[in-house]
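Reproduced below: upload.cif, with mmCIF, C-alpha atoms.
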data_final
#
loop_
_atom_site.label_atom_id
_atom_site.label_comp_id
_atom_site.auth_asym_id
_atom_site.auth_seq_id
_atom_site.Cartn_x
_atom_site.Cartn_y
_atom_site.Cartn_z
CA MET A 1473 120.89 65.89 138.94
CA ASN A 1474 122.19 62.87 140.81
CA SER A 1475 120.23 59.73 140.11
CA SER A 1476 120.93 56.06 139.72
CA ARG A 1477 118.56 56.02 136.77
CA ARG A 1478 118.98 58.23 133.73
CA LEU A 1479 116.03 60.41 132.81
CA THR A 1480 114.11 59.72 129.61
CA TYR A 1481 113.61 62.45 127.03
CA GLN A 1482 109.90 62.59 128.01
CA GLU A 1483 110.87 63.32 131.63
CA ILE A 1484 113.34 66.02 130.58
CA ALA A 1485 110.72 67.58 128.31
CA GLY A 1486 108.28 67.52 131.25
CA ILE A 1487 110.75 69.31 133.55
CA LEU A 1488 111.43 72.01 130.96
CA ARG A 1489 107.70 72.30 130.18
CA ASP A 1490 107.02 72.93 133.89
CA ARG A 1491 109.69 75.65 133.96
CA ILE A 1492 108.09 77.36 130.96
CA ARG A 1493 104.60 77.19 132.45
CA ALA A 1494 105.85 78.44 135.81
CA GLY A 1495 107.41 81.50 134.14
CA ASP A 1496 110.99 80.56 135.00
CA LEU A 1497 111.57 80.55 131.24
CA ARG A 1498 109.72 83.31 129.39
CA PRO A 1499 108.81 83.80 125.70
CA GLY A 1500 111.90 84.92 123.80
CA ASP A 1501 114.38 83.50 126.35
CA ARG A 1502 117.06 81.17 125.06
CA LEU A 1503 117.44 77.74 126.60
CA PRO A 1504 120.89 76.58 127.73
CA THR A 1505 122.92 74.78 125.07
CA GLN A 1506 122.40 71.09 124.45
CA ALA A 1507 125.74 70.42 126.14
CA GLU A 1508 124.68 72.36 129.24
CA LEU A 1509 121.33 70.57 129.41
CA ALA A 1510 123.01 67.19 128.92
CA HIS A 1511 125.34 67.99 131.82
CA GLU A 1512 122.50 69.22 134.04
CA PHE A 1513 120.36 66.12 133.49
CA GLY A 1514 123.22 63.62 133.23
CA VAL A 1515 122.20 62.28 129.81
CA GLU A 1516 123.55 62.11 126.27
CA ARG A 1517 122.96 64.99 123.86
CA GLY A 1518 120.75 62.77 121.74
CA THR A 1519 118.31 62.48 124.63
CA VAL A 1520 118.30 66.26 125.02
CA ARG A 1521 117.62 66.70 121.28
CA GLN A 1522 114.61 64.37 121.53
CA ALA A 1523 113.26 66.39 124.47
CA LEU A 1524 113.70 69.65 122.56
CA ARG A 1525 111.92 68.25 119.52
CA ALA A 1526 109.02 67.17 121.74
CA LEU A 1527 108.74 70.70 123.15
CA ARG A 1528 108.93 72.14 119.65
CA ASP A 1529 106.08 69.85 118.57
CA ASP A 1530 104.08 71.16 121.53
CA GLY A 1531 104.61 74.69 120.19
CA LEU A 1532 106.72 75.71 123.19
CA LEU A 1533 110.08 76.17 121.42
CA SER A 1534 111.28 77.80 118.24
CA ASN A 1535 114.58 77.65 116.37
CA VAL A 1536 115.31 74.05 117.39
CA SER A 1537 118.41 73.41 115.26
CA LYS A 1538 122.04 72.48 115.67
CA GLY A 1539 124.45 75.20 116.69
CA SER A 1540 121.89 77.60 118.13
CA PRO A 1541 120.04 77.18 121.45
CA PRO A 1542 116.27 77.29 120.89
CA ARG A 1543 114.09 80.08 122.20
CA ILE A 1544 110.90 79.87 124.20
CA ALA A 1545 108.14 80.43 121.65
CA GLU A 1546 105.85 83.41 121.82
CA GLN A 1547 102.56 82.05 123.07
CA GLY A 1548 99.59 83.05 120.95
CA PRO A 1549 95.95 82.14 121.51
CA ALA A 1550 95.31 78.65 122.84
CA LEU A 1551 95.44 76.11 120.05
CA ASP A 1552 92.15 74.56 121.12
CA ALA A 1553 90.32 77.85 120.52
CA PRO A 1554 89.47 78.35 116.83
CA GLN A 1555 90.79 81.63 115.44
CA PRO A 1556 90.04 83.59 112.25
CA THR A 1557 92.04 82.25 109.33
CA MET A 1558 94.56 85.08 109.09
CA SER A 1559 95.24 85.24 112.84
CA ALA A 1560 95.77 81.50 113.17
CA LEU A 1561 97.57 80.81 109.91
CA GLY A 1562 99.95 83.78 110.02
CA ALA A 1563 101.12 83.02 113.56
CA ARG A 1564 101.56 79.29 112.99
CA LEU A 1565 103.40 79.79 109.68
CA ALA A 1566 105.84 82.20 111.35
CA GLU A 1567 106.53 79.55 113.98
CA ALA A 1568 106.87 76.78 111.38
CA PHE A 1569 109.39 78.83 109.39
CA SER A 1570 111.78 78.87 112.36
CA ALA A 1571 112.65 75.23 111.56
CA PRO A 1572 115.70 74.56 109.35
CA ARG A 1573 113.60 72.59 106.84
CA VAL A 1574 110.08 73.87 106.30
CA ARG A 1575 107.27 71.91 104.67
CA VAL A 1576 103.86 73.45 104.00
CA ASP A 1577 101.07 71.49 102.32
CA ALA A 1578 97.74 73.15 101.56
CA VAL A 1579 94.35 72.18 100.15
CA CYS A 1580 92.26 75.24 99.33
CA LEU A 1581 89.91 76.91 96.88
CA THR A 1582 92.44 79.63 96.01
CA ALA A 1583 95.87 80.53 97.43
CA GLU A 1584 94.62 83.84 98.87
CA ASN A 1585 94.79 82.89 102.56
CA LEU A 1586 98.20 81.23 102.20
CA MET A 1587 99.61 84.08 100.12
CA MET A 1588 98.58 86.70 102.68
CA ALA A 1589 99.58 84.67 105.75
CA LEU A 1590 103.09 84.10 104.35
CA GLY A 1591 103.72 87.83 104.70
CA GLU A 1592 104.70 87.41 108.37
CA PRO A 1593 107.35 84.66 107.98
CA LEU A 1594 108.71 86.41 104.88
CA ARG A 1595 109.05 89.62 106.88
CA LEU A 1596 110.95 87.76 109.61
CA ILE A 1597 113.28 86.25 107.00
CA HIS A 1598 114.00 89.64 105.41
CA GLU A 1599 114.69 91.11 108.87
CA GLY A 1600 117.21 88.32 109.53
CA ARG A 1601 115.29 86.97 112.54
CA ILE A 1602 114.77 83.51 111.03
CA ARG A 1603 116.51 81.74 108.17
CA PRO A 1604 115.33 78.28 107.10
CA GLU A 1605 117.65 76.28 104.89
CA ARG A 1606 114.94 74.77 102.68
CA LEU A 1607 111.28 75.43 101.89
CA ASP A 1608 108.96 72.85 100.34
CA VAL A 1609 105.47 74.13 99.54
CA ARG A 1610 102.80 72.00 97.86
CA VAL A 1611 99.34 73.35 97.05
CA LEU A 1612 96.25 71.52 95.83
CA LEU A 1613 93.71 73.72 94.03
CA PRO A 1614 90.57 72.83 92.04
CA SER A 1615 91.04 72.13 88.35
CA ARG A 1616 89.82 74.72 85.85
CA GLU A 1617 88.09 71.90 83.98
CA ILE A 1618 85.47 71.09 86.63
CA ASP A 1619 82.14 72.74 87.48
CA LEU A 1620 82.81 74.13 90.92
CA ALA A 1621 80.22 73.50 93.62
CA PHE A 1622 81.11 77.02 94.82
CA PRO A 1623 81.52 79.84 94.07
CA ALA A 1624 78.56 79.48 91.74
CA PRO A 1625 75.76 81.71 90.35
CA VAL A 1626 72.51 81.47 92.27
CA ASP A 1627 70.54 81.12 89.03
CA GLY A 1628 72.79 78.42 87.56
CA ARG A 1629 75.58 78.48 85.03
CA GLY A 1630 75.37 79.52 81.42
CA ASP A 1631 77.80 78.94 78.58
CA ASP A 1632 79.88 81.89 79.76
CA ASP A 1633 80.11 81.77 83.55
CA PRO A 1634 81.52 85.07 84.96
CA VAL A 1635 81.75 83.57 88.47
CA HIS A 1636 84.01 80.77 87.21
CA ARG A 1637 86.11 83.23 85.19
CA ARG A 1638 86.56 85.44 88.26
CA TRP A 1639 87.54 82.47 90.46
CA LEU A 1640 90.00 81.18 87.86
CA ALA A 1641 91.67 84.59 87.50
CA MET A 1642 92.04 84.82 91.28
CA ARG A 1643 93.35 81.25 91.57
CA ASN A 1644 96.03 81.87 88.96
CA ALA A 1645 97.08 85.37 90.05
CA GLN A 1646 97.36 84.47 93.74
CA GLY A 1647 99.26 81.28 92.97
CA GLN A 1648 101.70 83.19 90.77
CA VAL A 1649 102.32 85.83 93.46
CA LEU A 1650 102.85 83.11 96.06
CA THR A 1651 105.35 81.33 93.82
CA TYR A 1652 107.24 84.53 92.96
CA ASN A 1653 107.56 85.66 96.60
CA LEU A 1654 108.86 82.28 97.75
CA ARG A 1655 111.25 81.63 94.86
CA ALA A 1656 112.72 85.11 95.28
CA LEU A 1657 114.23 83.84 98.53
CA ARG A 1658 116.66 81.77 96.45
CA SER A 1659 118.47 84.85 95.22
CA THR A 1660 117.95 87.14 98.22
CA HIS A 1661 118.75 84.69 101.02
CA ASP A 1662 120.20 81.59 99.31
CA ILE A 1663 117.32 79.42 100.57
CA ASP A 1664 116.55 76.20 98.72
CA VAL A 1665 112.91 76.74 97.65
CA HIS A 1666 110.55 74.27 95.97
CA VAL A 1667 106.95 75.22 95.12
CA GLY A 1668 104.48 72.92 93.37
CA PHE A 1669 100.79 72.94 92.44
CA ARG A 1670 98.45 70.14 91.43
CA ALA A 1671 94.82 70.23 90.32
CA LEU A 1672 91.97 68.58 92.23
CA PRO A 1673 89.09 66.98 90.29
CA PHE A 1674 86.60 68.23 92.91
CA THR A 1675 85.71 71.29 94.99
CA PRO A 1676 87.31 70.94 98.45
CA PRO A 1677 84.66 71.32 101.20
CA VAL A 1678 87.33 72.46 103.68
CA LYS A 1679 90.67 74.25 103.65
CA LEU A 1680 93.58 72.40 105.21
CA TYR A 1681 97.12 73.54 106.00
CA LEU A 1682 99.79 71.07 107.16
CA LEU A 1683 102.96 72.51 108.72
CA ASN A 1684 106.18 70.51 109.01
CA GLY A 1685 104.25 67.28 109.45
CA THR A 1686 103.50 68.25 113.07
CA GLU A 1687 100.54 70.57 112.81
CA ALA A 1688 97.23 70.72 110.95
CA LEU A 1689 94.93 73.72 110.60
CA MET A 1690 91.48 73.02 109.17
CA GLY A 1691 88.54 75.28 108.41
CA TYR A 1692 85.14 74.76 106.81
CA TYR A 1693 84.14 76.57 103.65
CA THR A 1694 80.88 78.01 104.96
CA LEU A 1695 78.72 79.40 102.16
CA THR A 1696 76.94 82.73 102.01
CA ARG A 1697 74.76 84.40 99.40
CA ARG A 1698 76.39 87.46 97.83
CA GLU A 1699 74.66 90.21 95.91
CA ALA A 1700 75.40 90.87 92.25
CA SER A 1701 78.34 93.20 91.61
CA ALA A 1702 78.42 95.66 88.73
CA ASP A 1703 82.11 96.33 89.44
CA THR A 1704 83.18 92.74 88.82
CA GLY A 1705 80.38 91.83 86.43
CA THR A 1706 79.36 88.87 88.58
CA PRO A 1707 75.74 87.89 89.22
CA GLU A 1708 74.25 86.98 92.58
CA MET A 1709 76.21 83.96 93.77
CA TYR A 1710 76.92 81.47 96.51
CA ASP A 1711 80.41 82.18 97.84
CA THR A 1712 82.55 81.36 100.90
CA LEU A 1713 83.31 83.47 103.96
CA GLY A 1714 87.03 83.35 103.12
CA LEU A 1715 89.31 85.17 105.58
CA ALA A 1716 86.63 85.36 108.28
CA SER A 1717 86.14 81.61 108.62
CA PRO A 1718 87.79 80.08 111.73
CA LEU A 1719 90.61 77.55 111.66
CA PHE A 1720 90.77 74.64 114.08
CA CYS A 1721 94.35 73.83 115.09
CA PHE A 1722 95.72 70.38 115.87
CA GLN A 1723 99.26 69.57 117.03
CA ARG A 1724 101.00 66.21 117.06
CA GLY A 1725 102.25 66.75 120.61
CA ALA A 1726 98.88 67.79 122.06
CA GLY A 1727 97.56 64.29 122.71
CA PRO A 1728 96.60 61.12 120.83
CA GLN A 1729 93.51 62.59 119.14
CA ASP A 1730 95.41 65.58 117.75
CA ALA A 1731 98.31 63.36 116.74
CA ALA A 1732 95.97 61.03 114.85
CA PHE A 1733 94.29 63.96 113.08
CA VAL A 1734 97.64 65.39 111.94
CA GLU A 1735 98.87 61.98 110.78
CA GLN A 1736 95.70 61.09 108.88
CA SER A 1737 95.47 64.55 107.32
CA GLN A 1738 99.03 64.20 106.01
CA LEU A 1739 98.28 60.73 104.63
CA TRP A 1740 95.13 62.09 102.94
CA PHE A 1741 97.06 64.96 101.35
CA ASP A 1742 99.90 62.73 100.16
CA ALA A 1743 97.45 60.26 98.64
CA LEU A 1744 95.68 63.02 96.70
CA TRP A 1745 98.99 64.48 95.51
CA GLU A 1746 100.22 61.13 94.24
CA THR A 1747 97.02 59.70 92.70
CA ILE A 1748 93.98 61.50 91.23
CA THR A 1749 95.37 65.04 90.97
CA THR A 1750 96.95 66.36 87.76
CA ASP A 1751 99.60 68.88 86.76
CA LEU A 1752 98.43 72.46 87.20
CA THR A 1753 99.70 75.40 85.17
CA LEU A 1754 98.84 78.81 86.58
CA SER A 1755 97.90 80.64 83.39
#

The structure in this file should be written as C-alpha cells.
Amino acid sequence: MNSSRRLTYQEIAGILRDRIRAGDLRPGDRLPTQAELAHEFGVERGTVRQALRALRDDGLLSNVSKGSPPRIAEQGPALDAPQPTMSALGARLAEAFSAPRVRVDAVCLTAENLMMALGEPLRLIHEGRIRPERLDVRVLLPSREIDLAFPAPVDGRGDDDPVHRRWLAMRNAQGQVLTYNLRALRSTHDIDVHVGFRALPFTPPVKLYLLNGTEALMGYYTLTRREASADTGTPEMYDTLGLASPLFCFQRGAGPQDAAFVEQSQLWFDALWETITTDLTLS
C-alpha cells in the first residue's frame, strides 16, 4: 500500500477485521506471516503485532504467537447473547488456551463448571492442536468454616448439616480432579502449570471466570427449591441451577463498557486473592 502516512495498528486491525467479516478470510484460515503483513502495509513488525493482538482480543484470531501465523478463530455464538454455562465456558476456554501463556481466574461455589469445561482445551492439547507454554489457574471457593447462604436446608441447619457436608465433599473432589488434570500436563506435554486455591469468607452471589486478562464471563447463582433425596441423604434445600444458568460474556476489545467490566472484574479478583481470602486445602 503506497501512502505518505504510515498506517496505525488500529487501521491495520480494521482492514483485517473487514476482510474477516466479508468472508475473504474464513474460520481456520491462516493469516500471512508478520513479515508479509508488514510488507503489505508498509509498517514495522511491531505495528503488525499490535494489530494482531487487537484482533485476538476481539476474539477474531487464535494462536497469536511468535513463529506461527495466527488462524482466523472459529466463530461461536455472539458474545452479547448469554449462553448456558457449559456452552459459553467450554468454547471460550478452548480459545483462551491457544495463547502461549494462559491465565484463568475463577470465583465459584464449586469447581464443577470449570472442571467440566476444561475438557475441551485439554482434548485439543492432547491432540496436538494447541500447546500453551504456561498455565496459571487461580480459584476462589467458599471456606469450609462459614455458614453458606446456599446450598442450605429449607428448614434450617442443625448440628450435623448434610447439605454442607455434601457441598464440601463436592468442592474438594472437583478441585482435586481439576488440579490433577492440569498438573498432569507437566509430564505429558512439558507445560509449566501452576494451580492455586484460596478460601472466601462469604458465599459468592455470582460465578466469574476471567480469561487471559481480556475476557470476563459472569453468571448469577439463581436459587431453586430442591426436593429431599434419599439417595444422597439430603433434606429439602435451596440450591443453585448450576450448569443451566447463563453466562454473560464481556471482552476487552468489544467497546469501553466491556473493557471497563473486564478491568474492574480483574481488579476485584486480585484484591480478594491478596487480602481477605485464606489458604485452602482440598481435603

- Task: Would you kindly translate the PyMOL selection byres ((chain A and resi 1749) around 8) into the concrete residues it picks from this file, as a list of chain:residue names?
- Result: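 Those residues are A:Arg1670, A:Ala1671, A:Leu1672, A:Pro1673, A:Leu1744, A:Trp1745, A:Glu1746, A:Thr1747, A:Ile1748, A:Thr1750, A:Asp1751.
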
- Give as a PyMOL selection string the set of residues within 7 Å of the point (94.4, 74.7, 93.1), where distances use the file's coordinates and all atoms listed in the file. chain A and resi 1580-1582+1611-1615+1643+1669-1672

Output C-alpha atoms for every residue in that selection, as a PDB file, keeping the file's coordinate frame.
ATOM      1  CA  CYS A1580      92.260  75.240  99.330  1.00  0.00           C
ATOM      2  CA  LEU A1581      89.910  76.910  96.880  1.00  0.00           C
ATOM      3  CA  THR A1582      92.440  79.630  96.010  1.00  0.00           C
ATOM      4  CA  VAL A1611      99.340  73.350  97.050  1.00  0.00           C
ATOM      5  CA  LEU A1612      96.250  71.520  95.830  1.00  0.00           C
ATOM      6  CA  LEU A1613      93.710  73.720  94.030  1.00  0.00           C
ATOM      7  CA  PRO A1614      90.570  72.830  92.040  1.00  0.00           C
ATOM      8  CA  SER A1615      91.040  72.130  88.350  1.00  0.00           C
ATOM      9  CA  ARG A1643      93.350  81.250  91.570  1.00  0.00           C
ATOM     10  CA  PHE A1669     100.790  72.940  92.440  1.00  0.00           C
ATOM     11  CA  ARG A1670      98.450  70.140  91.430  1.00  0.00           C
ATOM     12  CA  ALA A1671      94.820  70.230  90.320  1.00  0.00           C
ATOM     13  CA  LEU A1672      91.970  68.580  92.230  1.00  0.00           C
TER      14      LEU A1672
END

If you apply the PyMOL selection byres ((chain A and resi 1583) around 12) to this file, what residues do you get, as a PDB file with C-alpha atoms, keeping the file's coordinate frame?
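Now in result-v3.pdb:
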ATOM      1  CA  ASP A1577     101.070  71.490 102.320  1.00  0.00           C
ATOM      2  CA  ALA A1578      97.740  73.150 101.560  1.00  0.00           C
ATOM      3  CA  VAL A1579      94.350  72.180 100.150  1.00  0.00           C
ATOM      4  CA  CYS A1580      92.260  75.240  99.330  1.00  0.00           C
ATOM      5  CA  LEU A1581      89.910  76.910  96.880  1.00  0.00           C
ATOM      6  CA  THR A1582      92.440  79.630  96.010  1.00  0.00           C
ATOM      7  CA  GLU A1584      94.620  83.840  98.870  1.00  0.00           C
ATOM      8  CA  ASN A1585      94.790  82.890 102.560  1.00  0.00           C
ATOM      9  CA  LEU A1586      98.200  81.230 102.200  1.00  0.00           C
ATOM     10  CA  MET A1587      99.610  84.080 100.120  1.00  0.00           C
ATOM     11  CA  MET A1588      98.580  86.700 102.680  1.00  0.00           C
ATOM     12  CA  ALA A1589      99.580  84.670 105.750  1.00  0.00           C
ATOM     13  CA  LEU A1590     103.090  84.100 104.350  1.00  0.00           C
ATOM     14  CA  VAL A1609     105.470  74.130  99.540  1.00  0.00           C
ATOM     15  CA  ARG A1610     102.800  72.000  97.860  1.00  0.00           C
ATOM     16  CA  VAL A1611      99.340  73.350  97.050  1.00  0.00           C
ATOM     17  CA  LEU A1612      96.250  71.520  95.830  1.00  0.00           C
ATOM     18  CA  LEU A1613      93.710  73.720  94.030  1.00  0.00           C
ATOM     19  CA  PRO A1614      90.570  72.830  92.040  1.00  0.00           C
ATOM     20  CA  TRP A1639      87.540  82.470  90.460  1.00  0.00           C
ATOM     21  CA  LEU A1640      90.000  81.180  87.860  1.00  0.00           C
ATOM     22  CA  ALA A1641      91.670  84.590  87.500  1.00  0.00           C
ATOM     23  CA  MET A1642      92.040  84.820  91.280  1.00  0.00           C
ATOM     24  CA  ARG A1643      93.350  81.250  91.570  1.00  0.00           C
ATOM     25  CA  ASN A1644      96.030  81.870  88.960  1.00  0.00           C
ATOM     26  CA  ALA A1645      97.080  85.370  90.050  1.00  0.00           C
ATOM     27  CA  GLN A1646      97.360  84.470  93.740  1.00  0.00           C
ATOM     28  CA  GLY A1647      99.260  81.280  92.970  1.00  0.00           C
ATOM     29  CA  GLN A1648     101.700  83.190  90.770  1.00  0.00           C
ATOM     30  CA  VAL A1649     102.320  85.830  93.460  1.00  0.00           C
ATOM     31  CA  LEU A1650     102.850  83.110  96.060  1.00  0.00           C
ATOM     32  CA  THR A1651     105.350  81.330  93.820  1.00  0.00           C
ATOM     33  CA  PHE A1669     100.790  72.940  92.440  1.00  0.00           C
ATOM     34  CA  LYS A1679      90.670  74.250 103.650  1.00  0.00           C
ATOM     35  CA  LEU A1680      93.580  72.400 105.210  1.00  0.00           C
ATOM     36  CA  TYR A1681      97.120  73.540 106.000  1.00  0.00           C
ATOM     37  CA  GLY A1714      87.030  83.350 103.120  1.00  0.00           C
ATOM     38  CA  LEU A1715      89.310  85.170 105.580  1.00  0.00           C
ATOM     39  CA  LEU A1754      98.840  78.810  86.580  1.00  0.00           C
TER      40      LEU A1754
END

- Name all residues at most 7 Å from Gly1691 (chain A) (count all atoms listed in the file; drop same-chain ones fewer than 3 positions away) and give them as a PyMOL selection string. chain A and resi 1678-1680+1717-1720

- Message: On this structure, the PyMOL selection byres ((chain A and resi 1505-1512) around 10) would catch which residues? List them as JSON, numbers by chain, sorted by chain and number.
- Response: {"A": [1473, 1474, 1484, 1502, 1503, 1504, 1513, 1514, 1515, 1516, 1517, 1518, 1519, 1520, 1521, 1524, 1538, 1539, 1540, 1541, 1542]}

- Message: Applying 12 Å and all atoms listed in the file, which residues near region 1726-1729 of chain A remain after dropping the ones on its own chain fewer than 3 positions away? List them as a list in words.
- Response: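 The filter keeps Ala1526, Leu1527, Arg1528, Asp1529, Asp1530, Gly1531, Leu1532, Ala1550, Leu1551, Asp1552, Thr1686, Glu1687, Ala1688, Cys1721, Phe1722, Gln1723, Ala1732, Phe1733, Val1734, Glu1735 and Gln1736 of chain A.
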
- Item | Using all atoms listed in the file: which of A:Glu1605, A:Asp1633, A:Asp1490, A:Asp1496 has the shortest distance to Glu1708 (chain A) | A:Asp1633

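Between CA of Thr1696 (chain A) and CA of Val1635 (chain A) lies a distance of 14.4 Å.
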
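If you measure from each of A:Met1709, A:Ala1571, A:Val1665, A:Ile1487 to Asp1627 (chain A) using only C-alpha atoms, the closest one turns out to be A:Met1709.
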
- Query: What separation in Å, quoted to one decimal, exists between CA of Pro1634 (chain A) and CA of Tyr1692 (chain A)?
  - Reply: 24.4 Å

- Task: Please indicate the distance in Å from CA of Arg1564 (chain A) to CA of Asp1662 (chain A), rounded to one decimal place.
- Result: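 CA of Asp1662 (chain A) lies 23.2 Å from CA of Arg1564 (chain A).
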
- Go through A:Thr1557, A:Asp1711, A:Leu1594, A:Asp1664 one by one, measure the shortest atom-to-atom distance of each to Arg1698 (chain A) using only C-alpha atoms, and give the residue with the smallest value. A:Asp1711

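Within 9 Å of the point (106.9, 72.4, 110.5), and counting all atoms listed in the file, the protein, DNA and RNA residues are A:Asp1529, A:Leu1565, A:Glu1567, A:Ala1568, A:Phe1569, A:Ser1570, A:Ala1571, A:Arg1573, A:Val1574, A:Arg1575, A:Val1576, A:Leu1682, A:Leu1683, A:Asn1684, A:Gly1685, A:Thr1686, A:Glu1687.
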
- Item | For Arg1543 (chain A), the nearest of the candidates A:Pro1707, A:Ser1559, A:Ala1731, A:Gly1500, counting only C-alpha atoms |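 Closest residue, counting only C-alpha atoms: A:Gly1500.
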
- Query: When distances are computed from all atoms listed in the file, which of A:Ala1624, A:Ala1563, A:Leu1752, A:Leu1479 shows the smallest separation from Ala1523 (chain A)?
  - Reply: A:Leu1479

Place N, CA, C and O atoms on region 1520-1534 of chain A and deliver the coordinates as a PDB file, in the coordinates of the input.
ATOM      1  N   VAL A1520     118.704  64.850 124.926  1.00  0.00           N
ATOM      2  CA  VAL A1520     118.300  66.260 125.020  1.00  0.00           C
ATOM      3  C   VAL A1520     117.632  66.696 123.715  1.00  0.00           C
ATOM      4  O   VAL A1520     116.597  67.376 123.728  1.00  0.00           O
ATOM      5  N   ARG A1521     118.206  66.309 122.574  1.00  0.00           N
ATOM      6  CA  ARG A1521     117.620  66.700 121.280  1.00  0.00           C
ATOM      7  C   ARG A1521     116.198  66.160 121.154  1.00  0.00           C
ATOM      8  O   ARG A1521     115.310  66.851 120.639  1.00  0.00           O
ATOM      9  N   GLN A1522     115.965  64.925 121.585  1.00  0.00           N
ATOM     10  CA  GLN A1522     114.610  64.370 121.530  1.00  0.00           C
ATOM     11  C   GLN A1522     113.654  65.181 122.402  1.00  0.00           C
ATOM     12  O   GLN A1522     112.507  65.434 122.007  1.00  0.00           O
ATOM     13  N   ALA A1523     114.106  65.591 123.574  1.00  0.00           N
ATOM     14  CA  ALA A1523     113.260  66.390 124.470  1.00  0.00           C
ATOM     15  C   ALA A1523     112.927  67.739 123.830  1.00  0.00           C
ATOM     16  O   ALA A1523     111.789  68.209 123.899  1.00  0.00           O
ATOM     17  N   LEU A1524     113.931  68.345 123.195  1.00  0.00           N
ATOM     18  CA  LEU A1524     113.700  69.650 122.560  1.00  0.00           C
ATOM     19  C   LEU A1524     112.735  69.528 121.392  1.00  0.00           C
ATOM     20  O   LEU A1524     111.884  70.403 121.176  1.00  0.00           O
ATOM     21  N   ARG A1525     112.858  68.451 120.628  1.00  0.00           N
ATOM     22  CA  ARG A1525     111.920  68.250 119.520  1.00  0.00           C
ATOM     23  C   ARG A1525     110.499  68.065 120.041  1.00  0.00           C
ATOM     24  O   ARG A1525     109.533  68.548 119.440  1.00  0.00           O
ATOM     25  N   ALA A1526     110.347  67.365 121.160  1.00  0.00           N
ATOM     26  CA  ALA A1526     109.020  67.170 121.740  1.00  0.00           C
ATOM     27  C   ALA A1526     108.409  68.511 122.162  1.00  0.00           C
ATOM     28  O   ALA A1526     107.225  68.767 121.941  1.00  0.00           O
ATOM     29  N   LEU A1527     109.228  69.377 122.753  1.00  0.00           N
ATOM     30  CA  LEU A1527     108.740  70.700 123.150  1.00  0.00           C
ATOM     31  C   LEU A1527     108.423  71.560 121.936  1.00  0.00           C
ATOM     32  O   LEU A1527     107.474  72.342 121.947  1.00  0.00           O
ATOM     33  N   ARG A1528     109.226  71.425 120.886  1.00  0.00           N
ATOM     34  CA  ARG A1528     108.930  72.140 119.650  1.00  0.00           C
ATOM     35  C   ARG A1528     107.581  71.688 119.080  1.00  0.00           C
ATOM     36  O   ARG A1528     106.765  72.503 118.652  1.00  0.00           O
ATOM     37  N   ASP A1529     107.339  70.375 119.087  1.00  0.00           N
ATOM     38  CA  ASP A1529     106.080  69.850 118.570  1.00  0.00           C
ATOM     39  C   ASP A1529     104.890  70.309 119.398  1.00  0.00           C
ATOM     40  O   ASP A1529     103.771  70.389 118.893  1.00  0.00           O
ATOM     41  N   ASP A1530     105.135  70.625 120.670  1.00  0.00           N
ATOM     42  CA  ASP A1530     104.080  71.160 121.530  1.00  0.00           C
ATOM     43  C   ASP A1530     103.877  72.658 121.300  1.00  0.00           C
ATOM     44  O   ASP A1530     102.992  73.267 121.907  1.00  0.00           O
ATOM     45  N   GLY A1531     104.718  73.259 120.444  1.00  0.00           N
ATOM     46  CA  GLY A1531     104.610  74.690 120.190  1.00  0.00           C
ATOM     47  C   GLY A1531     105.257  75.553 121.241  1.00  0.00           C
ATOM     48  O   GLY A1531     105.022  76.767 121.292  1.00  0.00           O
ATOM     49  N   LEU A1532     106.108  74.959 122.093  1.00  0.00           N
ATOM     50  CA  LEU A1532     106.720  75.710 123.190  1.00  0.00           C
ATOM     51  C   LEU A1532     108.098  76.251 122.851  1.00  0.00           C
ATOM     52  O   LEU A1532     108.595  77.142 123.544  1.00  0.00           O
ATOM     53  N   LEU A1533     108.746  75.724 121.806  1.00  0.00           N
ATOM     54  CA  LEU A1533     110.080  76.170 121.420  1.00  0.00           C
ATOM     55  C   LEU A1533     110.113  76.551 119.956  1.00  0.00           C
ATOM     56  O   LEU A1533     109.365  76.015 119.136  1.00  0.00           O
ATOM     57  N   SER A1534     111.000  77.466 119.634  1.00  0.00           N
ATOM     58  CA  SER A1534     111.280  77.800 118.240  1.00  0.00           C
ATOM     59  C   SER A1534     112.780  77.727 118.010  1.00  0.00           C
ATOM     60  O   SER A1534     113.570  77.697 118.961  1.00  0.00           O
TER      61      SER A1534
END
